[in-house]
Amino acid sequence: MWAINIYSSLTLSMSSKISEHFSVRREFNMSEHEEFYFTSVHLNNIPEEESLRALYRAKALLQMLNGILLLTGDLILDYDLDNIAYVEITDRWSENWRRKAVYSTNRELEYEELQDPFQAPPEQLKKYTGKAIAEDDPKRRNYVVDFIDCAYKDDYVREVLTLFSLSKIDTLFILINTSKIIETIEHDLDLNVKKEIKMKRLEAIGKRFTQSYNYFKESKFYGYSNTRLGSGIFSRHGANKNTYKGTPPSFSDIDTNVRTLIYEWINHKLITEKGYRYPPVKRETKSRPLTAKDFVFKDRENPI
């Protein structure tokens, strides 16, 4: 078994969520200081000598998990890939922890693990038996468990959650990854059809999804995100002769709507598969919406 050190105010609550795909362990070190570790059944088939593969697979799983957490807030699990351990279970009561230092890189291996980090055979998965949560339950308990299971079963969900989590790490990915997310969801729901058919499909998915989807379609988002004249270095495409006319959409609105789009899309899948969904997320609005100007940074030594 592999264990990766994680740090966050969420770790204690996460340790109480039981999923067939991951767990968060509470351990005490020699100084009696409490530490938390991410483990997964999908890491168990990696032998001790392949620490680099374990690192890349754990990273891919944690990116997806953070993508889910970011749908409802701004807290994520910080992880330390330099603090990875192989845990050998010696008997019923004892474990031998061996720390692994990883100094090399292998981009081909990282690419391989990013494609599908869910590698445990189905028979090894201990099925989660939690109860369905009522739509009006404000606690939304265990939505993380259902959403990660959806990623396990659906390549598109896996891809979208990874893209979303990366867009929160580096500002340069906001417009590029948001565009790819929208296109993937459109393809999955088959929304590139005649207007009458599309309206019926959107109605079946729900009002909140439709509002966020229409925001991107009606706000000239693509014109802004696709052109250098619109969004500069954030543009999805390089320099070209295309023009952009319009008011730049706020980054705050983009962020809010893409979160809602993903969250309600996965909810739609849960309704179809399991017959229940999770209640809408209520988020506090910022006092001043972020705009493109907020992401233009001055040179500290040579301010303009």
# chains A, B, ... in the order shown; residues from 1 in each chain; ligands from 1
call {"tool": "closest_atom_pairs", "arguments": {"of": "range 216-291 of chain A", "to": "range 149-159 of chain A", "cutoff": "10 Å", "atoms": "only C-alpha atoms", "output": "JSON lines"}}
result
{"residue": "A:Ile262", "atom": "CA", "partner": "A:Val157", "partner_atom": "CA", "distance": 8.6}
{"residue": "A:Trp265", "atom": "CA", "partner": "A:Val157", "partner_atom": "CA", "distance": 9.1}
{"residue": "A:Ile266", "atom": "CA", "partner": "A:Cys150", "partner_atom": "CA", "distance": 7.5}
{"residue": "A:Asn267", "atom": "CA", "partner": "A:Cys150", "partner_atom": "CA", "distance": 9.7}
{"residue": "A:Lys269", "atom": "CA", "partner": "A:Cys150", "partner_atom": "CA", "distance": 7.9}
{"residue": "A:Leu270", "atom": "CA", "partner": "A:Cys150", "partner_atom": "CA", "distance": 7.8}
{"residue": "A:Glu273", "atom": "CA", "partner": "A:Cys150", "partner_atom": "CA", "distance": 9.5}
call {"tool": "write_last_selection", "arguments": {"atoms": "all heavy atoms", "output": "PDB file, in the first residue's frame"}}
result
ATOM      1  N   ILE A 262     -20.331  21.969 -14.288  1.00  0.00           N
ATOM      2  CA  ILE A 262     -19.769  20.649 -13.987  1.00  0.00           C
ATOM      3  C   ILE A 262     -20.591  19.941 -12.913  1.00  0.00           C
ATOM      4  O   ILE A 262     -20.921  18.752 -13.032  1.00  0.00           O
ATOM      5  CB  ILE A 262     -18.300  20.776 -13.530  1.00  0.00           C
ATOM      6  CG1 ILE A 262     -17.445  21.388 -14.644  1.00  0.00           C
ATOM      7  CG2 ILE A 262     -17.744  19.405 -13.140  1.00  0.00           C
ATOM      8  CD1 ILE A 262     -16.048  21.790 -14.177  1.00  0.00           C
ATOM      9  N   TRP A 265     -23.959  18.838 -14.205  1.00  0.00           N
ATOM     10  CA  TRP A 265     -23.747  17.769 -15.209  1.00  0.00           C
ATOM     11  C   TRP A 265     -23.541  16.422 -14.515  1.00  0.00           C
ATOM     12  O   TRP A 265     -24.156  15.419 -14.899  1.00  0.00           O
ATOM     13  CB  TRP A 265     -22.539  18.145 -16.060  1.00  0.00           C
ATOM     14  CG  TRP A 265     -22.035  17.098 -17.004  1.00  0.00           C
ATOM     15  CD1 TRP A 265     -22.742  16.455 -17.973  1.00  0.00           C
ATOM     16  CD2 TRP A 265     -20.694  16.599 -17.077  1.00  0.00           C
ATOM     17  NE1 TRP A 265     -21.910  15.576 -18.657  1.00  0.00           N
ATOM     18  CE2 TRP A 265     -20.657  15.649 -18.120  1.00  0.00           C
ATOM     19  CE3 TRP A 265     -19.518  16.882 -16.382  1.00  0.00           C
ATOM     20  CZ2 TRP A 265     -19.490  14.972 -18.482  1.00  0.00           C
ATOM     21  CZ3 TRP A 265     -18.358  16.210 -16.741  1.00  0.00           C
ATOM     22  CH2 TRP A 265     -18.353  15.274 -17.771  1.00  0.00           C
ATOM     23  N   ILE A 266     -22.712  16.402 -13.481  1.00  0.00           N
ATOM     24  CA  ILE A 266     -22.497  15.149 -12.752  1.00  0.00           C
ATOM     25  C   ILE A 266     -23.760  14.762 -11.997  1.00  0.00           C
ATOM     26  O   ILE A 266     -24.104  13.575 -11.905  1.00  0.00           O
ATOM     27  CB  ILE A 266     -21.288  15.279 -11.800  1.00  0.00           C
ATOM     28  CG1 ILE A 266     -20.019  15.574 -12.601  1.00  0.00           C
ATOM     29  CG2 ILE A 266     -21.108  13.996 -10.988  1.00  0.00           C
ATOM     30  CD1 ILE A 266     -18.778  15.776 -11.747  1.00  0.00           C
ATOM     31  N   ASN A 267     -24.475  15.739 -11.446  1.00  0.00           N
ATOM     32  CA  ASN A 267     -25.762  15.461 -10.798  1.00  0.00           C
ATOM     33  C   ASN A 267     -26.726  14.785 -11.772  1.00  0.00           C
ATOM     34  O   ASN A 267     -27.475  13.867 -11.399  1.00  0.00           O
ATOM     35  CB  ASN A 267     -26.386  16.764 -10.283  1.00  0.00           C
ATOM     36  CG  ASN A 267     -26.254  16.913  -8.776  1.00  0.00           C
ATOM     37  OD1 ASN A 267     -26.120  15.929  -8.050  1.00  0.00           O
ATOM     38  ND2 ASN A 267     -26.286  18.134  -8.305  1.00  0.00           N
ATOM     39  N   LYS A 269     -25.968  12.889 -14.216  1.00  0.00           N
ATOM     40  CA  LYS A 269     -25.533  11.503 -14.374  1.00  0.00           C
ATOM     41  C   LYS A 269     -25.960  10.654 -13.173  1.00  0.00           C
ATOM     42  O   LYS A 269     -26.339   9.478 -13.334  1.00  0.00           O
ATOM     43  CB  LYS A 269     -24.011  11.450 -14.548  1.00  0.00           C
ATOM     44  CG  LYS A 269     -23.520  11.996 -15.884  1.00  0.00           C
ATOM     45  CD  LYS A 269     -22.005  11.962 -15.964  1.00  0.00           C
ATOM     46  CE  LYS A 269     -21.532  12.425 -17.331  1.00  0.00           C
ATOM     47  NZ  LYS A 269     -21.849  11.444 -18.402  1.00  0.00           N
ATOM     48  N   LEU A 270     -25.921  11.245 -11.981  1.00  0.00           N
ATOM     49  CA  LEU A 270     -26.348  10.515 -10.783  1.00  0.00           C
ATOM     50  C   LEU A 270     -27.840  10.197 -10.823  1.00  0.00           C
ATOM     51  O   LEU A 270     -28.263   9.106 -10.436  1.00  0.00           O
ATOM     52  CB  LEU A 270     -26.034  11.326  -9.525  1.00  0.00           C
ATOM     53  CG  LEU A 270     -24.581  11.365  -9.065  1.00  0.00           C
ATOM     54  CD1 LEU A 270     -24.445  12.253  -7.838  1.00  0.00           C
ATOM     55  CD2 LEU A 270     -24.072   9.961  -8.753  1.00  0.00           C
ATOM     56  N   GLU A 273     -28.245   7.267 -13.164  1.00  0.00           N
ATOM     57  CA  GLU A 273     -27.711   5.982 -12.700  1.00  0.00           C
ATOM     58  C   GLU A 273     -28.290   5.537 -11.364  1.00  0.00           C
ATOM     59  O   GLU A 273     -28.652   4.372 -11.183  1.00  0.00           O
ATOM     60  CB  GLU A 273     -26.185   6.061 -12.590  1.00  0.00           C
ATOM     61  CG  GLU A 273     -25.567   4.758 -12.104  1.00  0.00           C
ATOM     62  CD  GLU A 273     -24.105   4.893 -11.728  1.00  0.00           C
ATOM     63  OE1 GLU A 273     -23.542   6.006 -11.883  1.00  0.00           O
ATOM     64  OE2 GLU A 273     -23.529   3.902 -11.238  1.00  0.00           O
TER      65      GLU A 273
END
call {"tool": "residues_around", "arguments": {"residues": "Ile233 in chain A", "least_positions_apart": "6", "cutoff": "10 Å", "atoms": "only C-alpha atoms", "output": "VMD selection string"}}
result
chain A and resid 172 225 227 239 296
call {"tool": "residues_around", "arguments": {"residues": "Gly230 in chain A", "least_positions_apart": "5", "cutoff": "12 Å", "atoms": "only C-alpha atoms", "output": "VMD selection string"}}
result
chain A and resid 175 220 to 225 235 to 249 292
call {"tool": "atom_distance", "arguments": {"atom1": "CA of Thr105 in chain A", "atom2": "CA of Asp78 in chain A"}}
result
20.6 Å
call {"tool": "atom_distance", "arguments": {"atom1": "CA of Asp190 in chain A", "atom2": "CA of Leu202 in chain A"}}
result
10.4 Å
call {"tool": "select_by_dssp", "arguments": {"residues": "range 76-193 of chain A", "states": "alpha helix (DSSP H)", "output": "MDAnalysis selection string"}}
result
chainID A and resid 107:115 143:153 155:169 174:189
call {"tool": "closest_residue", "arguments": {"among": "A:Ser219, A:Ser40, A:Thr72, A:Asn83", "to": "Glu264 in chain A", "atoms": "only C-alpha atoms"}}
result
A:Thr72
call {"tool": "residues_around", "arguments": {"residues": "Glu27 in chain A", "least_positions_apart": "3", "cutoff": "9 Å", "atoms": "only C-alpha atoms", "output": "ChimeraX atom specification"}}
result
/A:32-37
call {"tool": "write_last_selection", "arguments": {"atoms": "C-alpha atoms", "output": "tab-separated table (two decimals), in the first residue's frame"}}
result
chain	number	residue	atom	x	y	z
A	32	GLU	CA	2.57	12.52	18.83
A	33	HIS	CA	1.71	15.03	16.12
A	34	GLU	CA	-1.33	14.11	14.05
A	35	GLU	CA	-0.72	13.60	10.34
A	36	PHE	CA	-3.02	12.65	7.46
A	37	TYR	CA	-2.33	10.41	4.50
call {"tool": "closest_atom_pairs", "arguments": {"of": "range 141-239 of chain A", "to": "range 45-66 of chain A", "cutoff": "9 Å", "atoms": "only C-alpha atoms", "output": "tab-separated table"}}
result
residue	atom	partner	partner_atom	distance
A:Val144	CA	A:Leu65	CA	7.8
A:Phe147	CA	A:Leu65	CA	8.8
A:Ile148	CA	A:Leu65	CA	6.9
A:Ala151	CA	A:Met64	CA	8.1
A:Arg158	CA	A:Met64	CA	6.8
A:Glu159	CA	A:Met64	CA	8.4
A:Val160	CA	A:Met64	CA	8.6
A:Leu161	CA	A:Met64	CA	5.2
A:Thr162	CA	A:Met64	CA	5.1
A:Leu163	CA	A:Met64	CA	8.6
A:Phe164	CA	A:Met64	CA	8.6
A:Ser165	CA	A:Gln63	CA	6.1
A:Leu166	CA	A:Gln63	CA	7.6
call {"tool": "write_last_selection", "arguments": {"atoms": "N, CA, C and O atoms", "output": "PDB file, in the first residue's frame"}}
result
ATOM      1  N   VAL A 144     -18.827  13.839  -2.409  1.00  0.00           N
ATOM      2  CA  VAL A 144     -17.485  13.536  -2.904  1.00  0.00           C
ATOM      3  C   VAL A 144     -17.380  12.067  -3.296  1.00  0.00           C
ATOM      4  O   VAL A 144     -16.795  11.713  -4.322  1.00  0.00           O
ATOM      5  N   PHE A 147     -19.312  11.475  -6.558  1.00  0.00           N
ATOM      6  CA  PHE A 147     -18.692  12.123  -7.711  1.00  0.00           C
ATOM      7  C   PHE A 147     -17.410  11.410  -8.132  1.00  0.00           C
ATOM      8  O   PHE A 147     -17.118  11.290  -9.319  1.00  0.00           O
ATOM      9  N   ILE A 148     -16.616  10.928  -7.176  1.00  0.00           N
ATOM     10  CA  ILE A 148     -15.396  10.213  -7.533  1.00  0.00           C
ATOM     11  C   ILE A 148     -15.740   8.865  -8.165  1.00  0.00           C
ATOM     12  O   ILE A 148     -15.053   8.372  -9.053  1.00  0.00           O
ATOM     13  N   ALA A 151     -16.448   9.538 -11.710  1.00  0.00           N
ATOM     14  CA  ALA A 151     -15.204   9.687 -12.472  1.00  0.00           C
ATOM     15  C   ALA A 151     -14.599   8.328 -12.801  1.00  0.00           C
ATOM     16  O   ALA A 151     -14.037   8.118 -13.885  1.00  0.00           O
ATOM     17  N   ARG A 158     -13.808  12.169 -15.609  1.00  0.00           N
ATOM     18  CA  ARG A 158     -12.406  12.126 -15.180  1.00  0.00           C
ATOM     19  C   ARG A 158     -11.617  13.263 -15.828  1.00  0.00           C
ATOM     20  O   ARG A 158     -10.868  13.989 -15.167  1.00  0.00           O
ATOM     21  N   GLU A 159     -11.809  13.447 -17.114  1.00  0.00           N
ATOM     22  CA  GLU A 159     -11.089  14.479 -17.850  1.00  0.00           C
ATOM     23  C   GLU A 159     -11.488  15.883 -17.394  1.00  0.00           C
ATOM     24  O   GLU A 159     -10.630  16.746 -17.171  1.00  0.00           O
ATOM     25  N   VAL A 160     -12.784  16.111 -17.242  1.00  0.00           N
ATOM     26  CA  VAL A 160     -13.279  17.435 -16.869  1.00  0.00           C
ATOM     27  C   VAL A 160     -12.795  17.831 -15.475  1.00  0.00           C
ATOM     28  O   VAL A 160     -12.369  18.977 -15.254  1.00  0.00           O
ATOM     29  N   LEU A 161     -12.847  16.919 -14.521  1.00  0.00           N
ATOM     30  CA  LEU A 161     -12.401  17.233 -13.162  1.00  0.00           C
ATOM     31  C   LEU A 161     -10.915  17.561 -13.120  1.00  0.00           C
ATOM     32  O   LEU A 161     -10.479  18.460 -12.394  1.00  0.00           O
ATOM     33  N   THR A 162     -10.127  16.852 -13.909  1.00  0.00           N
ATOM     34  CA  THR A 162      -8.686  17.121 -13.972  1.00  0.00           C
ATOM     35  C   THR A 162      -8.421  18.490 -14.582  1.00  0.00           C
ATOM     36  O   THR A 162      -7.630  19.281 -14.062  1.00  0.00           O
ATOM     37  N   LEU A 163      -9.092  18.788 -15.687  1.00  0.00           N
ATOM     38  CA  LEU A 163      -8.923  20.091 -16.332  1.00  0.00           C
ATOM     39  C   LEU A 163      -9.330  21.225 -15.397  1.00  0.00           C
ATOM     40  O   LEU A 163      -8.680  22.264 -15.334  1.00  0.00           O
ATOM     41  N   PHE A 164     -10.419  21.018 -14.663  1.00  0.00           N
ATOM     42  CA  PHE A 164     -10.906  22.063 -13.764  1.00  0.00           C
ATOM     43  C   PHE A 164      -9.921  22.307 -12.626  1.00  0.00           C
ATOM     44  O   PHE A 164      -9.626  23.462 -12.281  1.00  0.00           O
ATOM     45  N   SER A 165      -9.401  21.247 -12.034  1.00  0.00           N
ATOM     46  CA  SER A 165      -8.458  21.425 -10.921  1.00  0.00           C
ATOM     47  C   SER A 165      -7.190  22.125 -11.401  1.00  0.00           C
ATOM     48  O   SER A 165      -6.627  22.965 -10.692  1.00  0.00           O
ATOM     49  N   LEU A 166      -6.729  21.819 -12.607  1.00  0.00           N
ATOM     50  CA  LEU A 166      -5.534  22.470 -13.143  1.00  0.00           C
ATOM     51  C   LEU A 166      -5.772  23.945 -13.419  1.00  0.00           C
ATOM     52  O   LEU A 166      -4.868  24.769 -13.282  1.00  0.00           O
TER      53      LEU A 166
END
call {"tool": "residues_around", "arguments": {"residues": "Lys100 in chain A", "least_positions_apart": "2", "cutoff": "7 Å", "atoms": "only C-alpha atoms", "output": "ChimeraX atom specification"}}
result
/A:51,84-85,98,102
call {"tool": "atom_distance", "arguments": {"atom1": "CA of Thr184 in chain A", "atom2": "CA of His21 in chain A"}}
result
24.0 Å
call {"tool": "closest_residue", "arguments": {"among": "A:Gly232, A:Gly275, A:Gly206, A:Pro117", "to": "Phe22 in chain A", "atoms": "only C-alpha atoms"}}
result
A:Pro117
call {"tool": "closest_residue", "arguments": {"among": "A:Trp2, A:Phe251, A:Phe209, A:Tyr111", "to": "Tyr86 in chain A", "atoms": "only C-alpha atoms"}}
result
A:Trp2
call {"tool": "closest_residue", "arguments": {"among": "A:Ser167, A:Gln211, A:Glu123, A:Gln115", "to": "Gly67 in chain A", "atoms": "only C-alpha atoms"}}
result
A:Ser167
call {"tool": "residues_around", "arguments": {"residues": "Thr260 in chain A", "least_positions_apart": "2", "cutoff": "8 Å", "atoms": "only C-alpha atoms", "output": "PyMOL selection string"}}
result
chain A and resi 71+208-209+212+256-258+262-264+281
call {"tool": "write_last_selection", "arguments": {"atoms": "N, CA, C and O atoms", "output": "compact mmCIF listing (two decimals), in the first residue's frame"}}
result
# COMPACT_ATOMS: atom_id res chain seq x y z
N LEU A 71 -15.61 22.26 -6.66
CA LEU A 71 -16.94 22.55 -7.19
C LEU A 71 -17.82 23.23 -6.15
O LEU A 71 -18.76 23.95 -6.50
N ARG A 208 -30.54 25.23 -13.53
CA ARG A 208 -29.24 25.76 -13.15
C ARG A 208 -28.18 25.43 -14.20
O ARG A 208 -27.34 26.28 -14.55
N PHE A 209 -28.18 24.22 -14.70
CA PHE A 209 -27.24 23.86 -15.76
C PHE A 209 -27.49 24.72 -16.98
O PHE A 209 -26.55 25.26 -17.59
N SER A 212 -26.15 28.34 -16.70
CA SER A 212 -24.70 28.43 -16.83
C SER A 212 -24.25 28.14 -18.25
O SER A 212 -23.34 28.79 -18.78
N THR A 256 -17.71 30.93 -11.53
CA THR A 256 -18.98 30.50 -10.93
C THR A 256 -19.76 29.61 -11.89
O THR A 256 -20.30 28.57 -11.48
N ASN A 257 -19.83 30.00 -13.14
CA ASN A 257 -20.65 29.25 -14.10
C ASN A 257 -20.03 27.92 -14.51
O ASN A 257 -20.76 26.95 -14.74
N VAL A 258 -18.72 27.85 -14.58
CA VAL A 258 -18.13 26.56 -14.94
C VAL A 258 -18.26 25.57 -13.79
O VAL A 258 -18.45 24.37 -13.99
N ILE A 262 -20.33 21.97 -14.29
CA ILE A 262 -19.77 20.65 -13.99
C ILE A 262 -20.59 19.94 -12.91
O ILE A 262 -20.92 18.75 -13.03
N TYR A 263 -20.89 20.66 -11.84
CA TYR A 263 -21.62 20.09 -10.71
C TYR A 263 -22.98 19.56 -11.14
O TYR A 263 -23.36 18.42 -10.80
N GLU A 264 -23.73 20.34 -11.92
CA GLU A 264 -25.07 19.91 -12.34
C GLU A 264 -25.00 18.83 -13.42
O GLU A 264 -25.89 17.99 -13.52
N VAL A 281 -25.47 24.23 -5.06
CA VAL A 281 -24.49 24.84 -4.18
C VAL A 281 -24.75 26.32 -4.07
O VAL A 281 -24.93 27.01 -5.07
call {"tool": "closest_residue", "arguments": {"among": "A:Ile174, A:Ala101, A:Ile181, A:Ile169", "to": "Ser231 in chain A", "atoms": "only C-alpha atoms"}}
result
A:Ile174
call {"tool": "decode", "arguments": {"residues": "range 145-156 of chain A", "atoms": "all heavy atoms", "output": "PDB file, in the first residue's frame"}}
result
ATOM      1  N   VAL A 145     -17.961  11.213  -2.474  1.00  0.00           N
ATOM      2  CA  VAL A 145     -17.909   9.771  -2.731  1.00  0.00           C
ATOM      3  C   VAL A 145     -18.623   9.423  -4.030  1.00  0.00           C
ATOM      4  O   VAL A 145     -18.102   8.674  -4.862  1.00  0.00           O
ATOM      5  CB  VAL A 145     -18.542   9.001  -1.545  1.00  0.00           C
ATOM      6  CG1 VAL A 145     -18.683   7.525  -1.872  1.00  0.00           C
ATOM      7  CG2 VAL A 145     -17.705   9.189  -0.296  1.00  0.00           C
ATOM      8  N   ASP A 146     -19.805   9.984  -4.232  1.00  0.00           N
ATOM      9  CA  ASP A 146     -20.559   9.695  -5.456  1.00  0.00           C
ATOM     10  C   ASP A 146     -19.885  10.286  -6.689  1.00  0.00           C
ATOM     11  O   ASP A 146     -19.877   9.675  -7.762  1.00  0.00           O
ATOM     12  CB  ASP A 146     -21.979  10.242  -5.341  1.00  0.00           C
ATOM     13  CG  ASP A 146     -22.911   9.280  -4.620  1.00  0.00           C
ATOM     14  OD1 ASP A 146     -22.804   8.067  -4.868  1.00  0.00           O
ATOM     15  OD2 ASP A 146     -23.729   9.726  -3.805  1.00  0.00           O
ATOM     16  N   PHE A 147     -19.312  11.475  -6.558  1.00  0.00           N
ATOM     17  CA  PHE A 147     -18.692  12.123  -7.711  1.00  0.00           C
ATOM     18  C   PHE A 147     -17.410  11.410  -8.132  1.00  0.00           C
ATOM     19  O   PHE A 147     -17.118  11.290  -9.319  1.00  0.00           O
ATOM     20  CB  PHE A 147     -18.397  13.596  -7.391  1.00  0.00           C
ATOM     21  CG  PHE A 147     -19.606  14.500  -7.541  1.00  0.00           C
ATOM     22  CD1 PHE A 147     -20.892  14.028  -7.322  1.00  0.00           C
ATOM     23  CD2 PHE A 147     -19.454  15.830  -7.890  1.00  0.00           C
ATOM     24  CE1 PHE A 147     -22.005  14.859  -7.446  1.00  0.00           C
ATOM     25  CE2 PHE A 147     -20.552  16.674  -8.032  1.00  0.00           C
ATOM     26  CZ  PHE A 147     -21.837  16.188  -7.802  1.00  0.00           C
ATOM     27  N   ILE A 148     -16.616  10.928  -7.176  1.00  0.00           N
ATOM     28  CA  ILE A 148     -15.396  10.213  -7.533  1.00  0.00           C
ATOM     29  C   ILE A 148     -15.740   8.865  -8.165  1.00  0.00           C
ATOM     30  O   ILE A 148     -15.053   8.372  -9.053  1.00  0.00           O
ATOM     31  CB  ILE A 148     -14.455  10.031  -6.315  1.00  0.00           C
ATOM     32  CG1 ILE A 148     -13.029   9.717  -6.772  1.00  0.00           C
ATOM     33  CG2 ILE A 148     -14.947   8.934  -5.392  1.00  0.00           C
ATOM     34  CD1 ILE A 148     -12.275  10.868  -7.343  1.00  0.00           C
ATOM     35  N   ASP A 149     -16.846   8.263  -7.731  1.00  0.00           N
ATOM     36  CA  ASP A 149     -17.294   7.020  -8.345  1.00  0.00           C
ATOM     37  C   ASP A 149     -17.747   7.272  -9.779  1.00  0.00           C
ATOM     38  O   ASP A 149     -17.551   6.433 -10.657  1.00  0.00           O
ATOM     39  CB  ASP A 149     -18.437   6.408  -7.523  1.00  0.00           C
ATOM     40  CG  ASP A 149     -18.831   5.027  -8.022  1.00  0.00           C
ATOM     41  OD1 ASP A 149     -17.930   4.162  -8.144  1.00  0.00           O
ATOM     42  OD2 ASP A 149     -20.020   4.810  -8.295  1.00  0.00           O
ATOM     43  N   CYS A 150     -18.335   8.431 -10.008  1.00  0.00           N
ATOM     44  CA  CYS A 150     -18.745   8.801 -11.360  1.00  0.00           C
ATOM     45  C   CYS A 150     -17.520   8.966 -12.254  1.00  0.00           C
ATOM     46  O   CYS A 150     -17.530   8.563 -13.427  1.00  0.00           O
ATOM     47  CB  CYS A 150     -19.562  10.089 -11.317  1.00  0.00           C
ATOM     48  SG  CYS A 150     -20.470  10.434 -12.832  1.00  0.00           S
ATOM     49  N   ALA A 151     -16.448   9.538 -11.710  1.00  0.00           N
ATOM     50  CA  ALA A 151     -15.204   9.687 -12.472  1.00  0.00           C
ATOM     51  C   ALA A 151     -14.599   8.328 -12.801  1.00  0.00           C
ATOM     52  O   ALA A 151     -14.037   8.118 -13.885  1.00  0.00           O
ATOM     53  CB  ALA A 151     -14.209  10.529 -11.677  1.00  0.00           C
ATOM     54  N   TYR A 152     -14.728   7.394 -11.874  1.00  0.00           N
ATOM     55  CA  TYR A 152     -14.228   6.033 -12.101  1.00  0.00           C
ATOM     56  C   TYR A 152     -14.934   5.370 -13.281  1.00  0.00           C
ATOM     57  O   TYR A 152     -14.310   4.662 -14.080  1.00  0.00           O
ATOM     58  CB  TYR A 152     -14.439   5.218 -10.823  1.00  0.00           C
ATOM     59  CG  TYR A 152     -14.290   3.720 -10.979  1.00  0.00           C
ATOM     60  CD1 TYR A 152     -13.044   3.147 -11.192  1.00  0.00           C
ATOM     61  CD2 TYR A 152     -15.408   2.886 -10.888  1.00  0.00           C
ATOM     62  CE1 TYR A 152     -12.903   1.772 -11.329  1.00  0.00           C
ATOM     63  CE2 TYR A 152     -15.280   1.519 -11.012  1.00  0.00           C
ATOM     64  CZ  TYR A 152     -14.026   0.959 -11.239  1.00  0.00           C
ATOM     65  OH  TYR A 152     -13.897  -0.404 -11.373  1.00  0.00           O
ATOM     66  N   LYS A 153     -16.211   5.642 -13.423  1.00  0.00           N
ATOM     67  CA  LYS A 153     -17.014   4.988 -14.453  1.00  0.00           C
ATOM     68  C   LYS A 153     -17.047   5.739 -15.774  1.00  0.00           C
ATOM     69  O   LYS A 153     -17.462   5.176 -16.789  1.00  0.00           O
ATOM     70  CB  LYS A 153     -18.446   4.817 -13.943  1.00  0.00           C
ATOM     71  CG  LYS A 153     -18.565   3.920 -12.721  1.00  0.00           C
ATOM     72  CD  LYS A 153     -19.964   3.943 -12.144  1.00  0.00           C
ATOM     73  CE  LYS A 153     -20.076   3.070 -10.906  1.00  0.00           C
ATOM     74  NZ  LYS A 153     -21.402   3.169 -10.259  1.00  0.00           N
ATOM     75  N   ASP A 154     -16.658   7.015 -15.777  1.00  0.00           N
ATOM     76  CA  ASP A 154     -16.873   7.862 -16.947  1.00  0.00           C
ATOM     77  C   ASP A 154     -15.600   8.627 -17.311  1.00  0.00           C
ATOM     78  O   ASP A 154     -15.126   9.459 -16.536  1.00  0.00           O
ATOM     79  CB  ASP A 154     -18.009   8.842 -16.652  1.00  0.00           C
ATOM     80  CG  ASP A 154     -18.531   9.550 -17.894  1.00  0.00           C
ATOM     81  OD1 ASP A 154     -17.711  10.090 -18.651  1.00  0.00           O
ATOM     82  OD2 ASP A 154     -19.762   9.580 -18.090  1.00  0.00           O
ATOM     83  N   ASP A 155     -15.051   8.349 -18.493  1.00  0.00           N
ATOM     84  CA  ASP A 155     -13.827   9.012 -18.937  1.00  0.00           C
ATOM     85  C   ASP A 155     -13.987  10.522 -19.020  1.00  0.00           C
ATOM     86  O   ASP A 155     -13.063  11.277 -18.701  1.00  0.00           O
ATOM     87  CB  ASP A 155     -13.412   8.491 -20.321  1.00  0.00           C
ATOM     88  CG  ASP A 155     -12.944   7.048 -20.280  1.00  0.00           C
ATOM     89  OD1 ASP A 155     -12.733   6.524 -19.174  1.00  0.00           O
ATOM     90  OD2 ASP A 155     -12.785   6.452 -21.359  1.00  0.00           O
ATOM     91  N   TYR A 156     -15.148  10.986 -19.466  1.00  0.00           N
ATOM     92  CA  TYR A 156     -15.355  12.421 -19.632  1.00  0.00           C
ATOM     93  C   TYR A 156     -15.356  13.143 -18.285  1.00  0.00           C
ATOM     94  O   TYR A 156     -14.819  14.248 -18.155  1.00  0.00           O
ATOM     95  CB  TYR A 156     -16.660  12.700 -20.377  1.00  0.00           C
ATOM     96  CG  TYR A 156     -16.658  12.241 -21.818  1.00  0.00           C
ATOM     97  CD1 TYR A 156     -17.797  11.692 -22.403  1.00  0.00           C
ATOM     98  CD2 TYR A 156     -15.516  12.359 -22.599  1.00  0.00           C
ATOM     99  CE1 TYR A 156     -17.800  11.275 -23.720  1.00  0.00           C
ATOM    100  CE2 TYR A 156     -15.504  11.944 -23.926  1.00  0.00           C
ATOM    101  CZ  TYR A 156     -16.650  11.404 -24.478  1.00  0.00           C
ATOM    102  OH  TYR A 156     -16.637  10.991 -25.782  1.00  0.00           O
TER     103      TYR A 156
END
